[in-house]
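K.L.:
Here it is, the structure, as structure tokens.
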Amino acid sequence: MSRLIRLAPEDNVAVAASTSAPAEQLLLDGLTLTSRSAIPFAHKIALVAIPADAVVIKYGVPIGRASGPIAAGEHVHVHNIRSDYVNNQVDFYDAPATAAGGEP
Amino acid sequence: MTMLGYARADGRKGVRNYLVVAYLVECAHHVARAIATPFEADGVQLIGFPGCYPNAYAQRMMEALCTHPNVGGVLVVSLGCEQFNRPRLLEVIEASGRPCSLVGIQKTGGTRSTIAAGRAWVEDALAALRRQPRVPMGLAELVIGSECGGSDATSGLTANPAIGIASDLLVDAGGSAIFEELGELFGCEQHMAARARSPGLAEEIKLAMARATRHYAALDQSSFGGGNITGGLSTIEEKSIGAYAKSGTRPIAGLLRPGIQPPAPGLYLMDMVPDQPTKWGFANINDNATIVEMIACGAQVILFSTGRGSVVGSAIAPVIKIAANPEMYRRMAEDMDVDAGRILEQRASLPEVGAEIFQLIQAVAGGAPTKSEALGHQEFILGYKSFAPLGPSCLPV
């Protein structure tokens, strides 16, 4: 079973300690969560449902805003969150589920 | 651990004794490179400014770099018609007590004769540098700069917080640490302001961050994209909070600009965002642009964290590369000095890796080559910028 890391108690996302497949049971602090999509190594997964425009919390601080509703267990990345500062991520976005070890 | 350094007339000490060949315009670049290349293994390095039109920032940077504690002597290579203030640069280097000379390509008679004249001077100067003794050096005499490049979502989990621990250890020992890249500190404004030494400095930090926000918005760009996204980072805020971990936990003593040295020990934030209105391009066109700016602030050693796997080093200061991502480390170990990804695989703790980095800083300062040094990396880049003077609360008195 793959391990998740929650960096601060108030976080609504966790970090994947290894790449996991869709519908995999993931372990977090003794609890399990089912992934709704593939989660590459070091990417984020929603721990709870995050409504559209709600802040995404990691390290205990806002790291952006949901661009649409995000379900618990979903991969959280540039396809469903945006920056409150300079939102240039879409220009560079290539493949949604590339593993952290991939190219570039 | 006893460190040995090279004593300089201004009281600072170098952890290297490089001879720098500095070109003053791109038109002199080839000749300068041809002079330096045969002596690469002897510690001769190439730096320079490509522009023809004068720029106060570039002048300050070149003066600071040519009188950096890791630099023992300087050969300036000029075409002859560029607008760089040569007399001023030579005056500053000579006043620092370093061996220094200028070769002018137009005056000397062209490419071949200038290369010959330059190499002859370098040979003599190297013989003098080799005779220079090393003297004991303490942690309080060290300035480190920290940088991250090729970041992924592991950078903020392993390498960056480990660098923060090493930074705290150095500051507690009376040394100085510089962190930077305002464009990678979005969302950290209030937290940084709360760590400022004085209310005046807190205001200066907030103003600098507001200016950075306008700068990047005006360019419709941020220091984010490509491999950051593939590696799991989704926004500049997420990258920023991970990058901010490099600063550790100590109070912020002051706000620097490129080329301005810390006047007292402690932790400093370097503001590298040019002033409004934007006259000259991006604040940080690549990692080496900000590395060279921290070196110009006096950093003798650079800590560089990377998740995706950057291979760069730098001219003038050794770069210690800290791999954040364990998978990348296994693939690129020949370029990496520290494997901080062990933290993620539960093979080491964060304090252990922090202490390892702190020990490595001292070993490298004592003369041990870093991976990038041993591989011959000497990246250097300097472009145009424009800065207003620092506000009165920015530096400790």
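By convention here, the chains of the structure tokens are called A, B, ... in the order presented, each chain's residues are numbered starting at 1, and ligands are numbered starting at 1 in the order presented.
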Kindly provide, as a list in words, the residues of chain B having any atom no farther than 6 Å from an atom of chain A, counting only C-alpha atoms.
P.N.:
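Close to chain A, chain B has Ala153, Gly225, Gly226, Gly227, Gly231, Gly232, Ser234, Thr235, Glu237 and Glu238 of chain B.
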K.L.:
Please produce a file of the residues just selected, as a PDB file, in the first residue's frame, where the atoms kept are N, CA, C and O atoms.
P.N.:
```
ATOM      1  N   ALA B 153       8.475  18.711  -6.560  1.00  0.00           N
ATOM      2  CA  ALA B 153       7.756  18.713  -5.289  1.00  0.00           C
ATOM      3  C   ALA B 153       8.574  18.105  -4.155  1.00  0.00           C
ATOM      4  O   ALA B 153       8.222  18.244  -2.990  1.00  0.00           O
ATOM      5  N   GLY B 225       7.347  26.627 -14.080  1.00  0.00           N
ATOM      6  CA  GLY B 225       6.903  25.984 -15.305  1.00  0.00           C
ATOM      7  C   GLY B 225       7.712  24.742 -15.608  1.00  0.00           C
ATOM      8  O   GLY B 225       8.527  24.295 -14.805  1.00  0.00           O
ATOM      9  N   GLY B 226       7.527  24.190 -16.790  1.00  0.00           N
ATOM     10  CA  GLY B 226       8.314  23.068 -17.278  1.00  0.00           C
ATOM     11  C   GLY B 226       8.398  21.917 -16.293  1.00  0.00           C
ATOM     12  O   GLY B 226       7.392  21.341 -15.872  1.00  0.00           O
ATOM     13  N   GLY B 227       9.649  21.598 -15.912  1.00  0.00           N
ATOM     14  CA  GLY B 227       9.900  20.466 -15.028  1.00  0.00           C
ATOM     15  C   GLY B 227       9.298  20.632 -13.649  1.00  0.00           C
ATOM     16  O   GLY B 227       9.042  19.638 -12.956  1.00  0.00           O
ATOM     17  N   GLY B 231       7.129  17.677 -12.172  1.00  0.00           N
ATOM     18  CA  GLY B 231       7.571  17.168 -10.878  1.00  0.00           C
ATOM     19  C   GLY B 231       6.577  17.375  -9.748  1.00  0.00           C
ATOM     20  O   GLY B 231       6.925  17.148  -8.586  1.00  0.00           O
ATOM     21  N   GLY B 232       5.350  17.829 -10.051  1.00  0.00           N
ATOM     22  CA  GLY B 232       4.302  17.831  -9.036  1.00  0.00           C
ATOM     23  C   GLY B 232       3.979  19.178  -8.424  1.00  0.00           C
ATOM     24  O   GLY B 232       3.110  19.277  -7.560  1.00  0.00           O
ATOM     25  N   SER B 234       2.245  22.792  -8.561  1.00  0.00           N
ATOM     26  CA  SER B 234       1.088  23.252  -9.334  1.00  0.00           C
ATOM     27  C   SER B 234       1.007  24.766  -9.474  1.00  0.00           C
ATOM     28  O   SER B 234       0.368  25.264 -10.394  1.00  0.00           O
ATOM     29  N   THR B 235       1.582  25.520  -8.537  1.00  0.00           N
ATOM     30  CA  THR B 235       1.511  26.991  -8.600  1.00  0.00           C
ATOM     31  C   THR B 235       2.837  27.579  -8.117  1.00  0.00           C
ATOM     32  O   THR B 235       3.626  26.903  -7.455  1.00  0.00           O
ATOM     33  N   GLU B 237       3.023  29.727  -5.799  1.00  0.00           N
ATOM     34  CA  GLU B 237       2.954  29.760  -4.328  1.00  0.00           C
ATOM     35  C   GLU B 237       3.484  28.452  -3.730  1.00  0.00           C
ATOM     36  O   GLU B 237       4.179  28.450  -2.711  1.00  0.00           O
ATOM     37  N   GLU B 238       3.104  27.331  -4.364  1.00  0.00           N
ATOM     38  CA  GLU B 238       3.545  26.036  -3.838  1.00  0.00           C
ATOM     39  C   GLU B 238       5.065  25.902  -3.965  1.00  0.00           C
ATOM     40  O   GLU B 238       5.742  25.456  -3.037  1.00  0.00           O
TER      41      GLU B 238
END
```
K.L.:
DSSP on the backbone, helix (DSSP H, G or I) only: what residues of segment 103-326 of chain B does that give? Format it as a ChimeraX atom specification.
P.N.:
/B:105-108,111-130,139-141,159-172,182-184,189-194,199-218,227-230,236-247,287-296,326
K.L.:
Which residue is closest to Met270 of chain B? Choose from B:Pro318, B:Gly174, B:Gly11, B:Gly298 and count only C-alpha atoms.
P.N.:
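When distances to Met270 of chain B are compared using only C-alpha atoms, the smallest one comes from B:Gly298.
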K.L.:
Run DSSP on the backbone of this structure and report the residues of segment 5-74 of chain A it assigns to strand (DSSP E or B), as a PyMOL selection string.
P.N.:
chain A and resi 5+13-16+20+25-28+31-34+39+44-46+50+55-58+61-66+70
K.L.:
Please provide as a list of chain:residue names all residues within 8 Å of Tyr244 of chain B, with the sequence filter that same-chain residues fewer than 6 positions apart are discarded (counting only C-alpha atoms).
P.N.:
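Near Tyr244 of chain B, the qualifying residues are B:Asn160, B:Glu184, B:Leu185, B:Cys188.
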K.L.:
Using only C-alpha atoms, which protein or nucleic acid residues come within 12 Å of Leu31 of chain A? Drop anything in the same chain fewer than 4 positions from it, and give the result as a PyMOL selection string.
P.N.:
chain A and resi 1-6+25-27+47
K.L.:
Store the residues picked out above in a file with all heavy atoms, as a PDB file, in the first residue's frame.
P.N.:
```pdb
ATOM      1  N   MET A   1       0.850  -1.208   0.000  1.00  0.00           N
ATOM      2  CA  MET A   1       0.000   0.000   0.000  1.00  0.00           C
ATOM      3  C   MET A   1       0.880   1.250   0.000  1.00  0.00           C
ATOM      4  O   MET A   1       1.831   1.346   0.766  1.00  0.00           O
ATOM      5  CB  MET A   1      -0.879  -0.015   1.260  1.00  0.00           C
ATOM      6  CG  MET A   1      -1.963   1.058   1.249  1.00  0.00           C
ATOM      7  SD  MET A   1      -2.994   1.010   2.723  1.00  0.00           S
ATOM      8  CE  MET A   1      -3.968  -0.456   2.468  1.00  0.00           C
ATOM      9  N   SER A   2       0.577   2.196  -0.894  1.00  0.00           N
ATOM     10  CA  SER A   2       1.403   3.406  -1.010  1.00  0.00           C
ATOM     11  C   SER A   2       1.141   4.350   0.161  1.00  0.00           C
ATOM     12  O   SER A   2       0.043   4.417   0.705  1.00  0.00           O
ATOM     13  CB  SER A   2       1.103   4.142  -2.306  1.00  0.00           C
ATOM     14  OG  SER A   2       1.467   3.335  -3.396  1.00  0.00           O
ATOM     15  N   ARG A   3       2.175   5.111   0.496  1.00  0.00           N
ATOM     16  CA  ARG A   3       2.120   5.990   1.652  1.00  0.00           C
ATOM     17  C   ARG A   3       1.888   7.428   1.184  1.00  0.00           C
ATOM     18  O   ARG A   3       2.431   7.866   0.184  1.00  0.00           O
ATOM     19  CB  ARG A   3       3.460   5.893   2.401  1.00  0.00           C
ATOM     20  CG  ARG A   3       3.555   6.598   3.717  1.00  0.00           C
ATOM     21  CD  ARG A   3       4.849   6.176   4.454  1.00  0.00           C
ATOM     22  NE  ARG A   3       6.044   6.413   3.633  1.00  0.00           N
ATOM     23  CZ  ARG A   3       6.814   7.500   3.761  1.00  0.00           C
ATOM     24  NH1 ARG A   3       6.548   8.417   4.664  1.00  0.00           N
ATOM     25  NH2 ARG A   3       7.880   7.652   2.980  1.00  0.00           N
ATOM     26  N   LEU A   4       1.075   8.154   1.966  1.00  0.00           N
ATOM     27  CA  LEU A   4       0.878   9.589   1.727  1.00  0.00           C
ATOM     28  C   LEU A   4       1.506  10.355   2.880  1.00  0.00           C
ATOM     29  O   LEU A   4       1.612   9.853   3.999  1.00  0.00           O
ATOM     30  CB  LEU A   4      -0.620   9.924   1.662  1.00  0.00           C
ATOM     31  CG  LEU A   4      -1.434   9.271   0.541  1.00  0.00           C
ATOM     32  CD1 LEU A   4      -2.916   9.642   0.713  1.00  0.00           C
ATOM     33  CD2 LEU A   4      -0.942   9.722  -0.822  1.00  0.00           C
ATOM     34  N   ILE A   5       1.927  11.592   2.599  1.00  0.00           N
ATOM     35  CA  ILE A   5       2.498  12.436   3.652  1.00  0.00           C
ATOM     36  C   ILE A   5       1.655  13.700   3.751  1.00  0.00           C
ATOM     37  O   ILE A   5       1.474  14.410   2.764  1.00  0.00           O
ATOM     38  CB  ILE A   5       3.956  12.824   3.318  1.00  0.00           C
ATOM     39  CG1 ILE A   5       4.827  11.572   3.091  1.00  0.00           C
ATOM     40  CG2 ILE A   5       4.557  13.683   4.427  1.00  0.00           C
ATOM     41  CD1 ILE A   5       6.182  11.869   2.467  1.00  0.00           C
ATOM     42  N   ARG A   6       1.130  13.964   4.975  1.00  0.00           N
ATOM     43  CA  ARG A   6       0.449  15.241   5.216  1.00  0.00           C
ATOM     44  C   ARG A   6       1.449  16.138   5.942  1.00  0.00           C
ATOM     45  O   ARG A   6       1.978  15.771   6.985  1.00  0.00           O
ATOM     46  CB  ARG A   6      -0.816  15.047   6.054  1.00  0.00           C
ATOM     47  CG  ARG A   6      -1.669  16.301   6.033  1.00  0.00           C
ATOM     48  CD  ARG A   6      -2.664  16.445   7.170  1.00  0.00           C
ATOM     49  NE  ARG A   6      -3.368  15.245   7.560  1.00  0.00           N
ATOM     50  CZ  ARG A   6      -4.701  15.143   7.600  1.00  0.00           C
ATOM     51  NH1 ARG A   6      -5.459  16.145   7.235  1.00  0.00           N
ATOM     52  NH2 ARG A   6      -5.255  14.031   8.024  1.00  0.00           N
ATOM     53  N   GLN A  25      -5.731   1.863  -2.747  1.00  0.00           N
ATOM     54  CA  GLN A  25      -5.901   2.247  -1.337  1.00  0.00           C
ATOM     55  C   GLN A  25      -4.593   2.890  -0.861  1.00  0.00           C
ATOM     56  O   GLN A  25      -3.524   2.285  -0.976  1.00  0.00           O
ATOM     57  CB  GLN A  25      -6.182   1.004  -0.480  1.00  0.00           C
ATOM     58  CG  GLN A  25      -7.478   0.314  -0.809  1.00  0.00           C
ATOM     59  CD  GLN A  25      -8.674   1.077  -0.268  1.00  0.00           C
ATOM     60  OE1 GLN A  25      -9.394   1.733  -1.002  1.00  0.00           O
ATOM     61  NE2 GLN A  25      -8.851   1.031   1.056  1.00  0.00           N
ATOM     62  N   LEU A  26      -4.661   4.103  -0.338  1.00  0.00           N
ATOM     63  CA  LEU A  26      -3.458   4.822   0.083  1.00  0.00           C
ATOM     64  C   LEU A  26      -3.503   5.037   1.588  1.00  0.00           C
ATOM     65  O   LEU A  26      -4.563   5.287   2.163  1.00  0.00           O
ATOM     66  CB  LEU A  26      -3.375   6.169  -0.638  1.00  0.00           C
ATOM     67  CG  LEU A  26      -3.362   6.075  -2.174  1.00  0.00           C
ATOM     68  CD1 LEU A  26      -3.537   7.451  -2.786  1.00  0.00           C
ATOM     69  CD2 LEU A  26      -2.070   5.441  -2.650  1.00  0.00           C
ATOM     70  N   LEU A  27      -2.343   4.944   2.220  1.00  0.00           N
ATOM     71  CA  LEU A  27      -2.263   4.985   3.673  1.00  0.00           C
ATOM     72  C   LEU A  27      -1.801   6.362   4.146  1.00  0.00           C
ATOM     73  O   LEU A  27      -0.783   6.884   3.691  1.00  0.00           O
ATOM     74  CB  LEU A  27      -1.268   3.913   4.132  1.00  0.00           C
ATOM     75  CG  LEU A  27      -1.180   3.649   5.633  1.00  0.00           C
ATOM     76  CD1 LEU A  27      -2.479   3.037   6.156  1.00  0.00           C
ATOM     77  CD2 LEU A  27      -0.002   2.726   5.927  1.00  0.00           C
ATOM     78  N   LEU A  47      -7.467  15.389   0.131  1.00  0.00           N
ATOM     79  CA  LEU A  47      -7.861  14.567   1.286  1.00  0.00           C
ATOM     80  C   LEU A  47      -9.352  14.683   1.553  1.00  0.00           C
ATOM     81  O   LEU A  47      -9.956  13.792   2.131  1.00  0.00           O
ATOM     82  CB  LEU A  47      -7.086  15.016   2.530  1.00  0.00           C
ATOM     83  CG  LEU A  47      -5.573  14.771   2.474  1.00  0.00           C
ATOM     84  CD1 LEU A  47      -4.885  15.390   3.685  1.00  0.00           C
ATOM     85  CD2 LEU A  47      -5.292  13.271   2.411  1.00  0.00           C
TER      86      LEU A  47
END
```
K.L.:
Looking at B:Ala368, B:Met3, B:Ala116, B:Ala41, which one is nearest to Met137 of chain B, with distances taken over only C-alpha atoms?
P.N.:
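Going through B:Ala368, B:Met3, B:Ala116, B:Ala41 one by one, the smallest distance to Met137 of chain B is for B:Met3.
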K.L.:
Which residues, written as JSON, numbers by chain, have at least one atom at most 7 Å from Gly164 of chain B, with only C-alpha atoms counted and residues fewer than 6 positions away on the same chain left out?
P.N.:
{"B": [245, 246, 247, 248]}
K.L.:
Once you have the residues from the selection above, write them out as a compact mmCIF listing (two decimals), in the first residue's frame, restricted to N, CA, C and O atoms.
P.N.:
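Here's the written file selection_10.txt:
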```
# COMPACT_ATOMS: atom_id res chain seq x y z
N ALA B 245 11.86 27.47 2.58
CA ALA B 245 12.43 26.62 3.64
C ALA B 245 13.96 26.73 3.70
O ALA B 245 14.56 26.46 4.74
N LYS B 246 14.61 27.14 2.59
CA LYS B 246 16.06 27.30 2.59
C LYS B 246 16.52 28.36 3.57
O LYS B 246 17.68 28.38 3.97
N SER B 247 15.63 29.29 3.92
CA SER B 247 16.03 30.42 4.79
C SER B 247 16.12 30.02 6.25
O SER B 247 16.55 30.82 7.07
N GLY B 248 15.70 28.79 6.61
CA GLY B 248 15.75 28.38 8.01
C GLY B 248 14.78 29.17 8.86
O GLY B 248 13.71 29.58 8.37
```
K.L.:
Just the residues within 7 Å of Ala253 of chain B, please, counting only C-alpha atoms, with nothing from its chain fewer than 4 positions along; format it as a list of chain:residue names.
P.N.:
B:Ala196, B:Arg197, B:Gly266, B:Leu267, B:Tyr268, B:Pro396
K.L.:
In Å, with one decimal, what is the gap from atom CA of Val71 of chain B to atom CA of Leu19 of chain B?
P.N.:
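Separating atom CA of Val71 of chain B from atom CA of Leu19 of chain B is a distance of 5.9 Å.
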K.L.:
My list of candidates is B:Ala340, B:Leu255, B:Ala7, B:Val92. Which is closest to Ala159 of chain B when distances are computed with only C-alpha atoms?
P.N.:
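So, comparing all the options, the nearest one is B:Ala340.
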K.L.:
Would you kindly return, as a ChimeraX atom specification, each protein, DNA or RNA residue with an atom no farther than 8 Å from any atom of Ser223 of chain B, considering only C-alpha atoms and excluding same-chain residues fewer than 3 positions away?
P.N.:
/B:183-184,236,284
K.L.:
As an exercise, work out the distance from atom CA of Pro99 of chain B to atom CA of Arg257 of chain B in Å and give it to one decimal place.
P.N.:
27.5 Å
